[in-house]
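Shown next, in C-alpha cells, is the structure this report addresses.
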Number of protein chains: 2
Amino acid sequence: MISFRPIGYVVGMLMLALAASMLLPLLIDLIDNNTADAAAFGISALITGLSGGLLFLGCSDGRSLGLTIRQTFLLTVACWLMLPIFGALPFWIGPDAISYTDAFFEAMSGLTTTGATIYPDLDILSRGVHLWRALMQWMGGVGVIVFALAFLPMLKVGGMQLFRSEAFDTFGKILPRAAEIAGSISSIYLTLTLVCAIIYGWAGMDLFEAVVHAMTTVSTGGFASENASFGAFGAPAEYIATVFMILASLPFVRYVQLVAGSPAPLLRDSQIRSFLLVLASAVLLLTAWQVFANGQTGELAFRKALFNATSIMTGTGYASADYSAWGSFSVTVFFLIGLVGGCAGSTCCSVKIFRYQLLFSALVTQIKQLHHPAGVFRPRYEGRAVEEDVISSVMAFFVMFVLSLSGFTAILGLMGLDTVTALSGAATALANVGPGLGPEIGPASTFAGLPDQAKWVLATAMLVGRLELLSVYVLFTAAFWRG
Amino acid sequence: MISFRPIGYVVGMLMLALAASMLLPLLIDLIDNNTADAAAFGISALITGLSGGLLFLGCSDGRSLGLTIRQTFLLTVACWLMLPIFGALPFWIGPDAISYTDAFFEAMSGLTTTGATIYPDLDILSRGVHLWRALMQWMGGVGVIVFALAFLPMLKVGGMQLFRSEAFDTFGKILPRAAEIAGSISSIYLTLTLVCAIIYGWAGMDLFEAVVHAMTTVSTGGFASENASFGAFGAPAEYIATVFMILASLPFVRYVQLVAGSPAPLLRDSQIRSFLLVLASAVLLLTAWQVFANGQTGELAFRKALFNATSIMTGTGYASADYSAWGSFSVTVFFLIGLVGGCAGSTCCSVKIFRYQLLFSALVTQIKQLHHPAGVFRPRYEGRAVEEDVISSVMAFFVMFVLSLSGFTAILGLMGLDTVTALSGAATALANVGPGLGPEIGPASTFAGLPDQAKWVLATAMLVGRLELLSVYVLFTAAFWRG
Ligand SMILES: [K+]
Ligand SMILES: [K+]
C-alpha cells in the first residue's frame, strides 16, 4: 500500500503557493477597478488556500517520510492535475465566466506551457485574467525544469538518466542538493524573464504587456494577450522574441555553470549545436519556400520564417502569420519541427533534440552492425559510449510518443474532428506546442469551437506529454498498485 | 572491393526468367488478335532476354563464388531495381504507350506488390497488359517471401533474426537448404492461387478475371483489371477475397508445416492470433461507425468494413467503396491498420504485426523496470525471453519507418502535393498498400495526376519499404563500400 501522506503534504504546499499567486491578478484588477474580476480571484484564492491548507495540515506528518520511486511518480501526476483543477477557478467564476471544461482546458494549457487557448476574443479579458494566464505558464515552466532535473534522471524516464551524472555529479561539486538546484535554476529563470521584459519594453510594449509576454516567452508557453498574437507588435519585437525563445530552449544547467564561471559547457553542448542546426535548416528551407514558391520578399520572408519556425520548434506557439496557408511543404516542416522540440532541462516539451541525436547514433550503429556482424559497435553521445538502457529508454519513448499520437488522433476522430484537426490537435497537445493546423485550430484560430469531450482529451494529452508520457502511463499498470 | 560477378550472375538469371514470363501475355494478346500489344511483349522479351543473357554469361564465373553479407544486400537491391526497369518495357512501348516514368512506376508498384496504378482507365487495356500487371505482382510476392525467409534472418534486418531458428532449425529437419525452402513455399503459393482462382470462377468471374484476381489476391498486390476495382463483382466475391487476403497474410512456413502433417504451429502462432484480433477489432469499430455515424444498414456496413479493412491491413489495396469519405475516424483507422500490416514471412509489407507485439512487450518491460529498478525484466515473445539485439533491431526499424515516412512526406510536400496526399502517398508506398487517401490518390482515384518527380519518389519509397528499409539504406553508408 502506497502512503499518500508525503504526496498530500507537497501538493497541499503547492496549492497554498498557487492561492498566494492568485493575489497578484487580484491586485491588478483592483488597481484597474475591475472589482468583479478581483472578487473572482479572491474567492478562488480562498477556496484554493483553504483546500491546500487542510491537505497540508492533514498530511503534515508526511514531511519526514521521504519519497519512494512510486510516490514520486504519483506526486508528479498529482501536482499537474490538482494545480489546473484549482487554477481553473478564476476563469470559471469570473465575470467573463466560461464553462468548467473550458476553464480546465485553459488552466491545463497554461500549467503545461502548451498555450492553446479557448478564448475566441482575448481583447475583452481583464488584465488580471491575462496576468493569471501568463503566471500559470511561468510557474509551470520553472516547475517542469525542476521536475526534469531533480526527478526524471532518477526515475529513468525516456532516457533522461543520460543527464544523471550531469545534474548531480559535475554539478554536485557546486550544488549538492535538489532544493539548491531548484534555487539556482529559479534565479536564472527570473533573471532571464526580467531581462526579456526590459527589452520588450524598450521595443515598444507597455510595462504590463512586456511582463506578461516575457513570462510566456521564457516559459515557452506562448499565451498571447492580443487576438493578433505577436502580429500586434513590430518587426523588432519578433527578432527579440526569437532570441529569448531560443535562450529558453537551452539546458538551464548550462546557465548555472556559466554564472559559476565556466562558459565551456554551454559552448560545447552538442544538444545546443544540433538544436541550432535543425532550426537554422528549417528557417532556411521555409524562407526559400516563401521566396520561390509564394513570391514573398527577402526580409519579410526571412523574419516570418524565423519567428514562426522558432516559435513552433521551441514549442512556444506564438504566431505572427497564418503559416497553415503557406502550402503543404511548409505545413509538413512546421508539423515535424514541432515534434523535434528543444533541449532537455529547459521548458521545452516534445520528443527533444537529444533523443533524435541518440536515435540517429543508434541507427548508424545498427547499420554498421548489419554488414560487420562480428564487430561490436556502441552508440555514442558527445564522444562517450552510451549505455544500452539509455538507448532502449529513448527508443521506447519514441515508440510510445508515436503510438500516443496515433491513439489520441483516433479518439479525436471518433469525436467528429476532421483528419487534419485531429492529427495536429493531438500533436500540438502532446508536444505542448500550442496552435494546431487547419482552419479550426490553426494559428489564425482558437480551440473554442471544439466539442467538450475533445477538450478533455486534449487536456489529457497535454498532461501526458508534459510529464514525458511514461510518468503518467506507469500509473495505469496493475503492477504499480500491487505490493 | 566488392565483386559484382555473383550478383550479375543471379540478376542475369532472373532477367532471363522475366523475359520468359513476358511470353505469357504475348500469347494472350496473340489469341485476342492484339498483334500490336503482342509485338510490344515480343520486343520487351527480346531486350530483357538479351540483356539478361549477356549479364548471365559475362558473370557465369560468379556462380561458384558464394555470397558475402554485403553482396547479399547489393543483390537484393539490384534485383528489385533491375526487374522493374525491364518489366516496365511492355507498358512503355505498347500501343497504349505511357511515359517511361509512368511505366517504371507501374512496374515497381507491381513487383513490390504495392498496387498503386497510374492507368486512369483500366478498361481500355489489352488482356496481355492486365496479365502482365498481375504476373509481376505474383512473381514479386513469392520473391519477397523467399527473400524474407532465406536472407533477412541472416542479415538481421529489422528483428527478422527472431525467425532464424524457425526457418532453419525447426524447419531444417525437413528441409535443409534455402533452395528447397523456396521450392516448397512456391508450391504452397501456386496451390493457394489455383484454389483462389477456382473459387473466384465459381463466384461468377470468367476464367481470365479469376486467374488475374487470384494472382493479385494471393500476392496481396491489389492491381485490379476493372476501373471499379472489386466493386465490379458481387457480395460473394468480396467475402471470398477477404478469406484469401487473410490466408495470404499468414506466415507461409506454417502452411509448409501443415502440409507436412503438423497443424499445431499454425494454430498456436501468436502472430496470427494478434493479426486476427487487430483486424477483427478494426472491422467491428468500422461497422459500428458506419451504422451509428453514417446510418448504413447491417450486412452492407459489415461487408464493406470487412472487405476494405482486410484489404488495407493485409496491404492488398483493393477497394469496394470510397472509404475516404466515411469520416475522419474511419480514415484514421484505415491509415493506422495500413501501418500495422500482416505477418512476417507472408507477402505483406508494412511494419508487420510481430514488431508491434515485440514493441508492446518491450514497453511493458520498461514500465515494470521504472518502478522496480532493482528487478531484471526481459521482453518475451511466445513465452520465451527475447534477445536484446532483436528488440533494438525492431525499435530501430520502427524509428526508421517513422522517420522515412516523415522524410518522404516532406519531399512530396516540396513537390507541391497537399498534406493529405503527401502523407498518405508516402505511407501507402512505404507500406506497399496501394491506394492513398483524399480526392487525388484515394481509393476512388489513381496516381496518374501526380507530377513525374513525385512518381519517382513514390517508386523509391515502394522499393525501400519492400526491402525492409535497412537493406536499402545500408548501401548509402560509406562504411559499406569501404574495406
Ligand atoms: K507552448
Ligand atoms: K498492395
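Chain labels follow the order of the C-alpha cells: the first chain is A, the next B, and so on; residue numbering restarts at 1 in every chain, and ligands are counted from 1 in their shown order.
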Test item: chain A residues at most 7 Å from chain B, counting only C-alpha atoms, as a list in words: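 Every residue of chain A that passes the 7 Å test is in Ile69, Arg70, Leu155, Lys156, Ser328, Phe329, Thr332, Val333, Leu363, Ile367, Leu370, His371, Met395, Ala396, Ala410, Gly413, Leu414, Gly416, Leu417, Asp418, Thr419, Val474 and Phe480 of chain A.
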How would the residues just picked look written out with C-alpha atoms as a PDB file, in the first residue's frame?
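Wrote part-v6.pdb, looks like this:
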```pdb
ATOM      1  CA  ILE A  69      10.006   5.937  -6.546  1.00  0.00           C
ATOM      2  CA  ARG A  70       6.331   5.070  -6.787  1.00  0.00           C
ATOM      3  CA  LEU A 155      13.074   7.805 -12.469  1.00  0.00           C
ATOM      4  CA  LYS A 156      14.912   6.790 -15.673  1.00  0.00           C
ATOM      5  CA  SER A 328       1.844  21.678 -47.742  1.00  0.00           C
ATOM      6  CA  PHE A 329       5.649  21.630 -47.704  1.00  0.00           C
ATOM      7  CA  THR A 332       4.897  19.452 -43.075  1.00  0.00           C
ATOM      8  CA  VAL A 333       8.033  21.290 -41.918  1.00  0.00           C
ATOM      9  CA  LEU A 363      20.583   3.701 -36.190  1.00  0.00           C
ATOM     10  CA  ILE A 367      23.613  -0.223 -39.903  1.00  0.00           C
ATOM     11  CA  LEU A 370      24.476  -5.146 -40.352  1.00  0.00           C
ATOM     12  CA  HIS A 371      27.434  -5.584 -42.626  1.00  0.00           C
ATOM     13  CA  MET A 395      13.564   4.216 -28.325  1.00  0.00           C
ATOM     14  CA  ALA A 396      10.706   3.191 -26.056  1.00  0.00           C
ATOM     15  CA  ALA A 410      -8.118   8.204 -33.473  1.00  0.00           C
ATOM     16  CA  GLY A 413     -11.523  11.446 -34.998  1.00  0.00           C
ATOM     17  CA  LEU A 414     -14.147   9.371 -33.189  1.00  0.00           C
ATOM     18  CA  GLY A 416     -16.055  14.005 -35.147  1.00  0.00           C
ATOM     19  CA  LEU A 417     -12.940  16.153 -35.706  1.00  0.00           C
ATOM     20  CA  ASP A 418     -11.641  16.132 -39.267  1.00  0.00           C
ATOM     21  CA  THR A 419      -8.334  14.415 -40.005  1.00  0.00           C
ATOM     22  CA  VAL A 474       3.020   3.868 -15.257  1.00  0.00           C
ATOM     23  CA  PHE A 480       2.282  -0.199  -9.866  1.00  0.00           C
TER      24      PHE A 480
END
```
Name each residue within 9 Å of ligand 2, counting only C-alpha atoms and all ligand atoms, as a PyMOL selection string. chain B and resi 109-110+112-116+137+216-217+219-223+311-312+314-318+348-349+428-429+431-435
Identify which of the residues A:Arg127, A:Met108, A:Pro251, A:Ile198 lies closest to A:Asn33, counting only C-alpha atoms when measuring atom-to-atom distances. A:Arg127
Selected residue of minimal separation from ligand 1 among A:Gly295, A:Gly140, A:Pro439, A:Gly53, counting only C-alpha atoms and all ligand atoms: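 That would be A:Gly140, the residue with the smallest distance to ligand 1.
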What lies within 12 Å of B:Cys196 using only C-alpha atoms, ignoring chain neighbours under 6 positions off, as a ChimeraX atom specification? /B:189-190,202-203,205,207,209-219,237,239-245,247-248
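Comparing the minimum interatomic distances between B:Leu339 and each of B:Phe275, B:Ala459, B:Ser361, B:Ala427, counting only C-alpha atoms, we find that B:Ala427 sits nearest.
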Would you mind writing down, as a ChimeraX atom specification, each residue of stretch 264-457 of chain A that DSSP on the backbone assigns to alpha helix (DSSP H)? /A:264-268,270-292,298-313,328-338,353-371,388-414,419-430,438-441,452-457
Taking 6 positions as the minimum chain separation for residues in the same chain, which residues sit within 7 Å of B:Ala448 when counting only C-alpha atoms? Answer as a tab-separated table (two decimals) with C-alpha atoms, in the first residue's frame.
```tsv
chain	number	residue	atom	x	y	z
B	118	ILE	CA	-1.13	5.24	-63.00
B	119	TYR	CA	-3.71	3.95	-65.51
B	120	PRO	CA	-6.71	6.28	-65.23
```
Exercise: A:Leu267 partners within 12 Å, only C-alpha atoms, chain neighbours under 2 positions left out, as a list in words: Leu250, Pro251, Arg254, Tyr255, Gln257, Leu258, Ser262, Pro263, Ala264, Pro265, Asp269, Ser270, Gln271, Ile272 and Arg273 of chain A
Which residues, written as a list in words, have at least one atom at most 8 Å from B:Met136, with only C-alpha atoms counted and residues fewer than 5 positions away on the same chain left out?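 Listed by chain and then number, they are Gly87, Ala107, Gly110 and Leu111 of chain B.
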Quick one: of B:Leu81, B:Leu300, B:Ala426, B:Leu276, who's nearest to B:Ile353, counting only C-alpha atoms?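 Selected residue with least distance to B:Ile353: B:Leu276.
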